[in-house]
Amino acid sequence: MIVDLHLHSKYSRATSRDMDLEGMYHWGKIKGINVIGTADFTHPEWFSELRDKLQPAEPGLFKLKDEISQKLDSLIPESCRDNSIRFILSVEISNIYSKNDRVRKLHNLVIVPSFEVASYINSELNKIGNLKADGRPILGMDSKELLKITLASDPGSLFIPAHIWTPWFAMFGSKSGFDSITEAFEELTPEIKAVETGLSSDPFMNWRLLELTGITLVSNSDAHSPRNLGREANVINSKLDYFDIIEAIKTGDERFVGTIEFFPQEGKYHYDGHKSCRVSFSPEETLKHQGICPKCNKRLTVGVDYRVNELADKPFGYRPDKHKLVEYIVPLAEIISEVVGVKTKTSPKVSQVYDQLINAFGDEFSILRTIKVNKIKNKYPQVALAIKKMRKRDVFIEPGYDGVFGVVKIFKPGELEQGKQLSLEI
Ligand SMILES: [Zn+2]
Ligand SMILES: [Zn+2]
């Protein structure tokens, strides 16, 4: 099963108006995701929408009410209709507080098995701050206190520090995080069973920290629009049952197969730099400049790669003897936009080819991960070649920095023009 537990609803800031249950359901099917987080369950209006539109399915899981899903299904390509979408109640909280004389800003995910447990958490958090202002509420509360409330809410609830490396809002963030899990969670550290690696880091980077040994590395999309669902996700081979899914994540046993990853350089904070000065540095270059921007002489925003290096115990490239599946993908719309030669992946030309591929071959994850490229090479030779290259990790990336997304290119200059000939070799 493909499981994406961290995203946002239309009630979160800077989130698309289409991020409602209908949009998540529609795009969940087109992407080929099986279990999707509802996001934002602390928001009162969204919470009542969830109560209205969802009905219980398997233990701890929910599905859209039949009268809603049937209508939506008529608009979904037949090739993707069979997958049944399940929802899990989830939320991301922004914790801002002072600890050991420094301001800390951490984002944390809370995942729960029922509306009753969600209500309990909402009533506890309501005492602390305003849950109405944002689907991702900002609370002046220690992350450890949020963990305590989560633990008290239900044995089946799960707390996960989110995108742990991003500079501004994360457990290990260079600007307002901690240097260790223990510094943040003290005696409750053993209750941290999983951490989210975020778009700018991948398992390879996280394996370098001894403190993360035995902690499950999860990946989610953090999508703010339905088309971005599943850009990172978990692969879980458990029963279709909330408690089995959560146990798989908590234990990291064989039920947790691994993660599907963005190329981490594509994330917004992989390298160091200044967006306004257009300065982008690798960790080595940053060290050479002593962390100072050569254009404006201010401190550079230090990215995830640098920060991992700072906290790492193991050398670059280290991998444990036994580890989970790590699969890199480039979103299909990005592949198509490169192939058809347009910059924006939302252009009509890209959508047209995207829809044709989905109609012909099924959901996006099947196309990216499992379909035999031979099947698509006759009609779409360059797309087939691009997918083949992506699966071999044969791509070029300009790393992201200081809030600027990185750019992935699959073809070298000139290579694409030869694509038709090259495709004969597939
Ligand atoms: Zn976040
Ligand atoms: Zn600068």
# chains A, B, ... in the order shown; residues from 1 in each chain; ligands from 1
$ residues_near_ligand --ligand "ligand 2" --cutoff "10 Å" --atoms "only C-alpha atoms and all ligand atoms" --output "number ranges by chain"
A: 273-280, 292-301
$ write_last_selection --atoms "N, CA, C and O atoms" --output "PDB file, in the first residue's frame"
ATOM      1  N   GLY A 273      22.450  29.028   1.044  1.00  0.00           N
ATOM      2  CA  GLY A 273      22.480  30.187   0.157  1.00  0.00           C
ATOM      3  C   GLY A 273      21.585  31.324   0.573  1.00  0.00           C
ATOM      4  O   GLY A 273      21.073  31.365   1.699  1.00  0.00           O
ATOM      5  N   HIS A 274      21.416  32.251  -0.366  1.00  0.00           N
ATOM      6  CA  HIS A 274      20.499  33.379  -0.238  1.00  0.00           C
ATOM      7  C   HIS A 274      19.683  33.471  -1.505  1.00  0.00           C
ATOM      8  O   HIS A 274      20.240  33.666  -2.593  1.00  0.00           O
ATOM      9  N   LYS A 275      18.372  33.382  -1.328  1.00  0.00           N
ATOM     10  CA  LYS A 275      17.480  33.461  -2.477  1.00  0.00           C
ATOM     11  C   LYS A 275      17.620  34.824  -3.165  1.00  0.00           C
ATOM     12  O   LYS A 275      17.799  34.899  -4.372  1.00  0.00           O
ATOM     13  N   SER A 276      17.553  35.921  -2.379  1.00  0.00           N
ATOM     14  CA  SER A 276      17.549  37.251  -2.998  1.00  0.00           C
ATOM     15  C   SER A 276      18.901  37.591  -3.624  1.00  0.00           C
ATOM     16  O   SER A 276      18.970  38.372  -4.569  1.00  0.00           O
ATOM     17  N   CYS A 277      19.980  37.008  -3.104  1.00  0.00           N
ATOM     18  CA  CYS A 277      21.307  37.272  -3.688  1.00  0.00           C
ATOM     19  C   CYS A 277      21.654  36.262  -4.774  1.00  0.00           C
ATOM     20  O   CYS A 277      22.709  36.356  -5.395  1.00  0.00           O
ATOM     21  N   ARG A 278      20.777  35.305  -4.986  1.00  0.00           N
ATOM     22  CA  ARG A 278      21.014  34.218  -5.948  1.00  0.00           C
ATOM     23  C   ARG A 278      22.345  33.512  -5.687  1.00  0.00           C
ATOM     24  O   ARG A 278      23.109  33.225  -6.617  1.00  0.00           O
ATOM     25  N   VAL A 279      22.606  33.301  -4.424  1.00  0.00           N
ATOM     26  CA  VAL A 279      23.823  32.592  -4.049  1.00  0.00           C
ATOM     27  C   VAL A 279      23.434  31.198  -3.590  1.00  0.00           C
ATOM     28  O   VAL A 279      22.577  31.048  -2.709  1.00  0.00           O
ATOM     29  N   SER A 280      24.016  30.172  -4.212  1.00  0.00           N
ATOM     30  CA  SER A 280      23.741  28.790  -3.837  1.00  0.00           C
ATOM     31  C   SER A 280      25.063  28.069  -3.622  1.00  0.00           C
ATOM     32  O   SER A 280      25.887  28.011  -4.531  1.00  0.00           O
ATOM     33  N   ILE A 292      29.221  33.078   5.364  1.00  0.00           N
ATOM     34  CA  ILE A 292      28.806  34.450   5.058  1.00  0.00           C
ATOM     35  C   ILE A 292      28.564  34.605   3.559  1.00  0.00           C
ATOM     36  O   ILE A 292      29.350  34.141   2.734  1.00  0.00           O
ATOM     37  N   CYS A 293      27.463  35.284   3.216  1.00  0.00           N
ATOM     38  CA  CYS A 293      27.127  35.519   1.811  1.00  0.00           C
ATOM     39  C   CYS A 293      28.097  36.533   1.214  1.00  0.00           C
ATOM     40  O   CYS A 293      28.243  37.638   1.728  1.00  0.00           O
ATOM     41  N   PRO A 294      28.755  36.192   0.108  1.00  0.00           N
ATOM     42  CA  PRO A 294      29.719  37.122  -0.491  1.00  0.00           C
ATOM     43  C   PRO A 294      29.051  38.352  -1.110  1.00  0.00           C
ATOM     44  O   PRO A 294      29.705  39.355  -1.352  1.00  0.00           O
ATOM     45  N   LYS A 295      27.725  38.286  -1.347  1.00  0.00           N
ATOM     46  CA  LYS A 295      27.052  39.448  -1.954  1.00  0.00           C
ATOM     47  C   LYS A 295      26.590  40.455  -0.908  1.00  0.00           C
ATOM     48  O   LYS A 295      26.776  41.650  -1.072  1.00  0.00           O
ATOM     49  N   CYS A 296      25.957  39.961   0.171  1.00  0.00           N
ATOM     50  CA  CYS A 296      25.376  40.904   1.137  1.00  0.00           C
ATOM     51  C   CYS A 296      26.061  40.852   2.497  1.00  0.00           C
ATOM     52  O   CYS A 296      25.690  41.610   3.400  1.00  0.00           O
ATOM     53  N   ASN A 297      27.031  39.982   2.636  1.00  0.00           N
ATOM     54  CA  ASN A 297      27.787  39.863   3.891  1.00  0.00           C
ATOM     55  C   ASN A 297      26.957  39.458   5.107  1.00  0.00           C
ATOM     56  O   ASN A 297      27.368  39.676   6.234  1.00  0.00           O
ATOM     57  N   LYS A 298      25.767  38.905   4.859  1.00  0.00           N
ATOM     58  CA  LYS A 298      24.993  38.385   5.990  1.00  0.00           C
ATOM     59  C   LYS A 298      25.143  36.861   6.052  1.00  0.00           C
ATOM     60  O   LYS A 298      25.639  36.242   5.117  1.00  0.00           O
ATOM     61  N   ARG A 299      24.681  36.275   7.172  1.00  0.00           N
ATOM     62  CA  ARG A 299      24.766  34.818   7.333  1.00  0.00           C
ATOM     63  C   ARG A 299      23.927  34.116   6.261  1.00  0.00           C
ATOM     64  O   ARG A 299      22.798  34.501   6.002  1.00  0.00           O
ATOM     65  N   LEU A 300      24.477  33.067   5.693  1.00  0.00           N
ATOM     66  CA  LEU A 300      23.732  32.278   4.711  1.00  0.00           C
ATOM     67  C   LEU A 300      22.689  31.415   5.412  1.00  0.00           C
ATOM     68  O   LEU A 300      22.882  31.040   6.572  1.00  0.00           O
ATOM     69  N   THR A 301      21.608  31.114   4.712  1.00  0.00           N
ATOM     70  CA  THR A 301      20.667  30.121   5.228  1.00  0.00           C
ATOM     71  C   THR A 301      21.266  28.750   4.964  1.00  0.00           C
ATOM     72  O   THR A 301      21.464  28.358   3.811  1.00  0.00           O
TER      73      THR A 301
END
$ select_by_dssp --residues "stretch 157-396 of chain A" --states "helix (DSSP H, G or I)" --output "ChimeraX atom specification"
/A:181-191,203-206,210-212,226-228,242-251,264-266,283-288,304-311,332-340,348-361,364-370,373-377,381-391
$ residues_near_ligand --ligand "ligand 1" --cutoff "12 Å" --atoms "only C-alpha atoms and all ligand atoms" --output "ChimeraX atom specification"
/A:6-8,12-13,39-40,91-95,105-110,135-138,160-171,173,196-199,220-224
$ closest_residue --among "A:Lys71, A:Pro381, A:Met1, A:Lys372" --to "A:Asn237" --atoms "only C-alpha atoms"
A:Met1
$ atom_distance --atom1 "atom CA of A:Pro113" --atom2 "atom CA of A:Leu158"
9.1 Å
$ closest_atom_pairs --of "stretch 100-167 of chain A" --to "stretch 41-48 of chain A" --cutoff "9 Å" --atoms "only C-alpha atoms" --output "tab-separated table"
residue	atom	partner	partner_atom	distance
A:Phe115	CA	A:Phe47	CA	8.8
A:Ala118	CA	A:Phe41	CA	7.0
A:Ser119	CA	A:Thr42	CA	8.2
A:Ile121	CA	A:Thr42	CA	8.0
A:Asn122	CA	A:Thr42	CA	5.5
A:Leu125	CA	A:Thr42	CA	8.3
A:Asn126	CA	A:Thr42	CA	8.8
A:Leu131	CA	A:His43	CA	5.6
A:Lys132	CA	A:His43	CA	5.5
A:Ala133	CA	A:His43	CA	8.1
A:Asp134	CA	A:His43	CA	7.1
A:Gly135	CA	A:His43	CA	5.3
A:Arg136	CA	A:Thr42	CA	7.9
A:Pro137	CA	A:Thr42	CA	7.6
